[in-house]
>>> print(open('data.pdb').read())   # PDB, C-alpha atoms, pLDDT in the B column
ATOM      1  CA  MET M  26      23.315  -2.367  37.395  1.00 51.00           C
ATOM      2  CA  GLN M  27      20.226  -0.650  36.015  1.00 53.00           C
ATOM      3  CA  GLY M  28      18.560  -0.976  39.425  1.00 60.00           C
ATOM      4  CA  ASN M  29      21.140   1.427  40.897  1.00 78.00           C
ATOM      5  CA  LEU M  30      20.528   4.127  38.280  1.00 77.00           C
ATOM      6  CA  PRO M  31      18.156   7.052  38.701  1.00 82.00           C
ATOM      7  CA  PRO M  32      14.937   6.696  36.638  1.00 85.00           C
ATOM      8  CA  GLU M  33      16.059   9.378  34.154  1.00 86.00           C
ATOM      9  CA  ALA M  34      19.333   7.542  33.586  1.00 85.00           C
ATOM     10  CA  GLN M  35      17.505   4.234  33.132  1.00 88.00           C
ATOM     11  CA  GLU M  36      15.338   5.875  30.502  1.00 90.00           C
ATOM     12  CA  LYS M  37      18.381   7.256  28.669  1.00 87.00           C
ATOM     13  CA  LEU M  38      20.063   3.867  28.859  1.00 89.00           C
ATOM     14  CA  GLU M  39      17.016   2.221  27.296  1.00 92.00           C
ATOM     15  CA  GLU M  40      17.021   4.850  24.543  1.00 92.00           C
ATOM     16  CA  LEU M  41      20.717   4.122  23.951  1.00 92.00           C
ATOM     17  CA  GLN M  42      19.982   0.420  23.641  1.00 93.00           C
ATOM     18  CA  ASP M  43      17.135   1.133  21.202  1.00 94.00           C
ATOM     19  CA  LEU M  44      19.423   3.341  19.100  1.00 94.00           C
ATOM     20  CA  GLN M  45      22.093   0.658  19.108  1.00 94.00           C
ATOM     21  CA  GLU M  46      19.544  -1.866  17.845  1.00 96.00           C
ATOM     22  CA  LYS M  47      18.364   0.588  15.182  1.00 95.00           C
ATOM     23  CA  ALA M  48      21.968   1.166  14.087  1.00 94.00           C
ATOM     24  CA  GLN M  49      22.477  -2.569  13.676  1.00 96.00           C
ATOM     25  CA  GLN M  50      19.298  -2.835  11.592  1.00 97.00           C
ATOM     26  CA  VAL M  51      20.326   0.063   9.349  1.00 97.00           C
ATOM     27  CA  ALA M  52      23.799  -1.436   8.912  1.00 96.00           C
ATOM     28  CA  ALA M  53      22.269  -4.782   7.897  1.00 97.00           C
ATOM     29  CA  GLN M  54      19.936  -3.084   5.398  1.00 97.00           C
ATOM     30  CA  LYS M  55      22.849  -1.119   3.956  1.00 97.00           C
ATOM     31  CA  GLN M  56      24.936  -4.280   3.613  1.00 98.00           C
ATOM     32  CA  GLN M  57      22.085  -6.017   1.792  1.00 98.00           C
ATOM     33  CA  ALA M  58      21.552  -3.047  -0.553  1.00 98.00           C
ATOM     34  CA  GLU M  59      25.295  -2.835  -1.283  1.00 98.00           C
ATOM     35  CA  THR M  60      25.356  -6.540  -2.141  1.00 98.00           C
ATOM     36  CA  GLN M  61      22.367  -6.187  -4.468  1.00 97.00           C
ATOM     37  CA  LEU M  62      23.958  -3.129  -6.056  1.00 98.00           C
ATOM     38  CA  GLN M  63      27.215  -4.980  -6.689  1.00 98.00           C
ATOM     39  CA  GLU M  64      25.324  -7.925  -8.229  1.00 97.00           C
ATOM     40  CA  SER M  65      23.299  -5.612 -10.473  1.00 96.00           C
ATOM     41  CA  GLU M  66      26.393  -3.721 -11.608  1.00 96.00           C
ATOM     42  CA  THR M  67      28.103  -7.020 -12.421  1.00 96.00           C
ATOM     43  CA  ALA M  68      25.072  -8.183 -14.401  1.00 94.00           C
ATOM     44  CA  LEU M  69      25.049  -4.887 -16.314  1.00 94.00           C
ATOM     45  CA  GLU M  70      28.751  -5.299 -17.142  1.00 94.00           C
ATOM     46  CA  GLU M  71      28.159  -8.884 -18.296  1.00 93.00           C
ATOM     47  CA  LEU M  72      25.306  -7.668 -20.480  1.00 92.00           C
ATOM     48  CA  GLU M  73      27.773  -5.535 -22.451  1.00 91.00           C
ATOM     49  CA  ASP M  74      29.545  -8.713 -23.619  1.00 91.00           C
ATOM     50  CA  ILE M  75      26.351 -10.302 -24.938  1.00 92.00           C
ATOM     51  CA  ASP M  76      25.191  -9.958 -28.532  1.00 92.00           C
ATOM     52  CA  LYS M  77      22.138  -7.698 -28.660  1.00 92.00           C
ATOM     53  CA  ASP M  78      20.317 -10.248 -30.846  1.00 91.00           C
ATOM     54  CA  SER M  79      20.743 -13.058 -28.308  1.00 89.00           C
ATOM     55  CA  THR M  80      17.655 -14.635 -26.824  1.00 90.00           C
ATOM     56  CA  MET M  81      17.436 -13.477 -23.218  1.00 92.00           C
ATOM     57  CA  TYR M  82      15.330 -14.527 -20.249  1.00 92.00           C
ATOM     58  CA  ARG M  83      14.516 -12.852 -16.985  1.00 89.00           C
ATOM     59  CA  SER M  84      13.333 -14.394 -13.766  1.00 90.00           C
ATOM     60  CA  VAL M  85       9.762 -13.500 -12.838  1.00 90.00           C
ATOM     61  CA  GLY M  86       8.955 -15.315  -9.632  1.00 93.00           C
ATOM     62  CA  GLU M  87       9.305 -19.011 -10.387  1.00 95.00           C
ATOM     63  CA  LEU M  88       9.312 -18.492 -14.157  1.00 96.00           C
ATOM     64  CA  LEU M  89      11.832 -17.498 -16.811  1.00 96.00           C
ATOM     65  CA  VAL M  90      10.262 -15.123 -19.321  1.00 95.00           C
ATOM     66  CA  GLN M  91      11.822 -14.097 -22.627  1.00 95.00           C
ATOM     67  CA  THR M  92      12.889 -10.444 -22.799  1.00 94.00           C
ATOM     68  CA  SER M  93      14.748  -8.184 -25.184  1.00 94.00           C
ATOM     69  CA  TYR M  94      18.295  -6.956 -24.694  1.00 94.00           C
ATOM     70  CA  ASP M  95      17.109  -3.348 -24.488  1.00 93.00           C
ATOM     71  CA  ASP M  96      14.491  -4.148 -21.842  1.00 93.00           C
ATOM     72  CA  ALA M  97      17.007  -6.116 -19.789  1.00 93.00           C
ATOM     73  CA  GLU M  98      19.559  -3.306 -20.025  1.00 94.00           C
ATOM     74  CA  GLU M  99      17.013  -0.629 -19.121  1.00 95.00           C
ATOM     75  CA  ASP M 100      15.706  -2.638 -16.153  1.00 94.00           C
ATOM     76  CA  LEU M 101      19.219  -3.247 -14.830  1.00 95.00           C
ATOM     77  CA  GLU M 102      20.176   0.418 -15.200  1.00 97.00           C
ATOM     78  CA  GLU M 103      17.030   1.448 -13.292  1.00 97.00           C
ATOM     79  CA  LYS M 104      17.775  -1.118 -10.604  1.00 97.00           C
ATOM     80  CA  VAL M 105      21.360   0.159 -10.225  1.00 97.00           C
ATOM     81  CA  ASP M 106      20.138   3.769  -9.972  1.00 98.00           C
ATOM     82  CA  SER M 107      17.542   2.810  -7.395  1.00 98.00           C
ATOM     83  CA  LEU M 108      20.004   0.809  -5.313  1.00 98.00           C
ATOM     84  CA  GLU M 109      22.599   3.598  -5.414  1.00 98.00           C
ATOM     85  CA  LEU M 110      19.970   5.955  -4.005  1.00 98.00           C
ATOM     86  CA  ARG M 111      18.988   3.373  -1.370  1.00 98.00           C
ATOM     87  CA  VAL M 112      22.596   2.927  -0.220  1.00 98.00           C
ATOM     88  CA  GLU M 113      23.087   6.698  -0.059  1.00 98.00           C
ATOM     89  CA  THR M 114      19.892   7.096   1.995  1.00 98.00           C
ATOM     90  CA  LEU M 115      20.948   4.332   4.381  1.00 98.00           C
ATOM     91  CA  GLU M 116      24.403   5.909   4.807  1.00 97.00           C
ATOM     92  CA  LYS M 117      22.759   9.189   5.822  1.00 97.00           C
ATOM     93  CA  GLN M 118      20.421   7.364   8.180  1.00 97.00           C
ATOM     94  CA  GLU M 119      23.401   5.528   9.677  1.00 96.00           C
ATOM     95  CA  GLU M 120      25.155   8.862  10.299  1.00 96.00           C
ATOM     96  CA  ARG M 121      22.050  10.353  11.955  1.00 96.00           C
ATOM     97  CA  VAL M 122      21.632   7.361  14.249  1.00 95.00           C
ATOM     98  CA  GLN M 123      25.329   7.529  15.183  1.00 94.00           C
ATOM     99  CA  GLU M 124      25.023  11.241  16.011  1.00 96.00           C
ATOM    100  CA  GLN M 125      21.927  10.587  18.130  1.00 94.00           C
ATOM    101  CA  PHE M 126      23.735   7.746  19.884  1.00 93.00           C
ATOM    102  CA  GLU M 127      26.739   9.919  20.706  1.00 93.00           C
ATOM    103  CA  GLU M 128      24.545  12.784  21.956  1.00 93.00           C
ATOM    104  CA  LEU M 129      22.511  10.454  24.147  1.00 91.00           C
ATOM    105  CA  GLN M 130      25.642   8.777  25.455  1.00 90.00           C
ATOM    106  CA  THR M 131      27.085  12.176  26.411  1.00 91.00           C
ATOM    107  CA  GLU M 132      23.824  13.160  28.122  1.00 88.00           C
ATOM    108  CA  LEU M 133      23.827   9.927  30.092  1.00 86.00           C
ATOM    109  CA  GLN M 134      27.465  10.346  31.125  1.00 88.00           C
ATOM    110  CA  ASN M 135      26.781  13.922  32.236  1.00 88.00           C
ATOM    111  CA  MET M 136      23.704  12.764  34.117  1.00 84.00           C
ATOM    112  CA  LEU M 137      25.662  10.088  35.933  1.00 82.00           C
ATOM    113  CA  GLY M 138      28.536  12.433  36.677  1.00 80.00           C
ATOM    114  CA  GLY M 139      31.006  10.611  38.878  1.00 58.00           C
ATOM    115  CA  MET M 140      29.214   7.271  38.936  1.00 59.00           C
ATOM    116  CA  GLY M 141      32.050   5.466  37.178  1.00 52.00           C
ATOM    117  CA  GLY M 142      31.879   6.974  33.701  1.00 47.00           C
ATOM    118  CA  GLY M 143      28.618   5.528  32.435  1.00 45.00           C
ATOM    119  CA  PRO M 144      26.995   2.180  31.861  1.00 48.00           C
ATOM    120  CA  GLY M 145      29.619   0.874  29.450  1.00 50.00           C
ATOM    121  CA  THR M 146      27.553   0.917  26.295  1.00 49.00           C
ATOM    122  CA  GLY M 147      30.305   1.280  23.746  1.00 52.00           C
ATOM    123  CA  GLY M 148      28.061   0.850  20.772  1.00 52.00           C
ATOM    124  CA  PRO M 149      29.079  -2.173  18.714  1.00 50.00           C
ATOM    125  CA  GLY M 150      26.994  -1.860  15.597  1.00 52.00           C
ATOM    126  CA  ALA M 151      26.250   1.746  16.477  1.00 48.00           C
ATOM    127  CA  GLY M 152      28.794   3.037  13.979  1.00 49.00           C
ATOM    128  CA  GLY M 153      31.745   3.500  16.303  1.00 49.00           C
ATOM    129  CA  PRO M 154      35.369   3.213  15.194  1.00 46.00           C
ATOM    130  CA  GLY M 155      35.679   0.625  12.479  1.00 48.00           C
ATOM    131  CA  ALA M 156      31.963   0.639  11.657  1.00 48.00           C
ATOM    132  CA  GLY M 157      31.067   0.254   8.026  1.00 48.00           C
ATOM    133  CA  ASP M 158      34.446  -1.193   7.083  1.00 45.00           C
TER     134      ASP M 158
END
>>> encode(input="data.pdb", output="structure tokens")
Amino acid sequence: MQGNLPPEAQEKLEELQDLQEKAQQVAAQKQQAETQLQESETALEELEDIDKDSTMYRSVGELLVQTSYDDAEEDLEEKVDSLELRVETLEKQEERVQEQFEELQTELQNMLGGMGGGPGTGGPGAGGPGAGD
């Protein structure tokens, strides 16, 4: 079908496909960050139930190294803060990519005019209805 499109439309279509791929990458990064955030929050909650005088270990590469309760708590709190910021940043990036996708899709549809309503790039993974659920 791309062979029948004017060069400008082909270029827009390629940009749309690139944006769709970028949206999928951002969504995957956000999912990973949300999972890490949830795990860190759970670990922080579990830490509250542990006696502060307990011997604790942390994973450093392949090793387990002894650490204090306070250090473990501080590290987990910093990790949670960092991951919350990461998720927020990725959500904003996801919104920007979606807006760019919609603008480009509209431009392409306007460019094609009556050629059948566009190339049919709906945007799975591009943050359409149901995205991020």
>>> closest_residue(input="data.pdb", among="M:Ala52, M:Leu41, M:Pro31, M:Glu46", to="M:Glu119", atoms="all atoms listed in the file")
M:Ala52
>>> axis_aligned_box(input="data.pdb", around="stretch 80-83 of chain M", padding_each_side="8 Å", output="AutoDock Vina command-line options")
--center_x 16.1 --center_y -13.7 --center_z -21.9 --size_x 19.1 --size_y 17.8 --size_z 25.8
>>> closest_residue(input="data.pdb", among="M:Leu108, M:Leu30, M:Ala48, M:Leu101", to="M:Thr60", atoms="all atoms listed in the file")
M:Leu108
>>> closest_residue(input="data.pdb", among="M:Lys55, M:Gln63, M:Ala97, M:Glu109", to="M:Ser84", atoms="all atoms listed in the file")
M:Ala97
>>> resolve_selection(input="data.pdb", expression="the PyMOL selection byres ((chain M and resi 59) around 12)", output="short mmCIF file (atom, residue, chain, number, x, y, z; two decimals) with C-alpha atoms, in the frame of the given file")
data_model
loop_
_atom_site.label_atom_id
_atom_site.label_comp_id
_atom_site.auth_asym_id
_atom_site.auth_seq_id
_atom_site.Cartn_x
_atom_site.Cartn_y
_atom_site.Cartn_z
CA ALA M 52 23.80 -1.44 8.91
CA ALA M 53 22.27 -4.78 7.90
CA GLN M 54 19.94 -3.08 5.40
CA LYS M 55 22.85 -1.12 3.96
CA GLN M 56 24.94 -4.28 3.61
CA GLN M 57 22.08 -6.02 1.79
CA ALA M 58 21.55 -3.05 -0.55
CA THR M 60 25.36 -6.54 -2.14
CA GLN M 61 22.37 -6.19 -4.47
CA LEU M 62 23.96 -3.13 -6.06
CA GLN M 63 27.22 -4.98 -6.69
CA GLU M 64 25.32 -7.92 -8.23
CA SER M 65 23.30 -5.61 -10.47
CA GLU M 66 26.39 -3.72 -11.61
CA VAL M 105 21.36 0.16 -10.22
CA SER M 107 17.54 2.81 -7.40
CA LEU M 108 20.00 0.81 -5.31
CA GLU M 109 22.60 3.60 -5.41
CA LEU M 110 19.97 5.96 -4.00
CA ARG M 111 18.99 3.37 -1.37
CA VAL M 112 22.60 2.93 -0.22
CA GLU M 113 23.09 6.70 -0.06
CA THR M 114 19.89 7.10 2.00
CA LEU M 115 20.95 4.33 4.38
CA GLU M 116 24.40 5.91 4.81
CA GLY M 157 31.07 0.25 8.03
#
>>> closest_residue(input="data.pdb", among="M:Asp76, M:Glu127, M:Asp95, M:Glu102", to="M:Leu44", atoms="only C-alpha atoms")
M:Glu127
>>> atom_distance(input="data.pdb", atom1="atom CA of M:Glu73", atom2="atom CA of M:Leu88")
24.0 Å
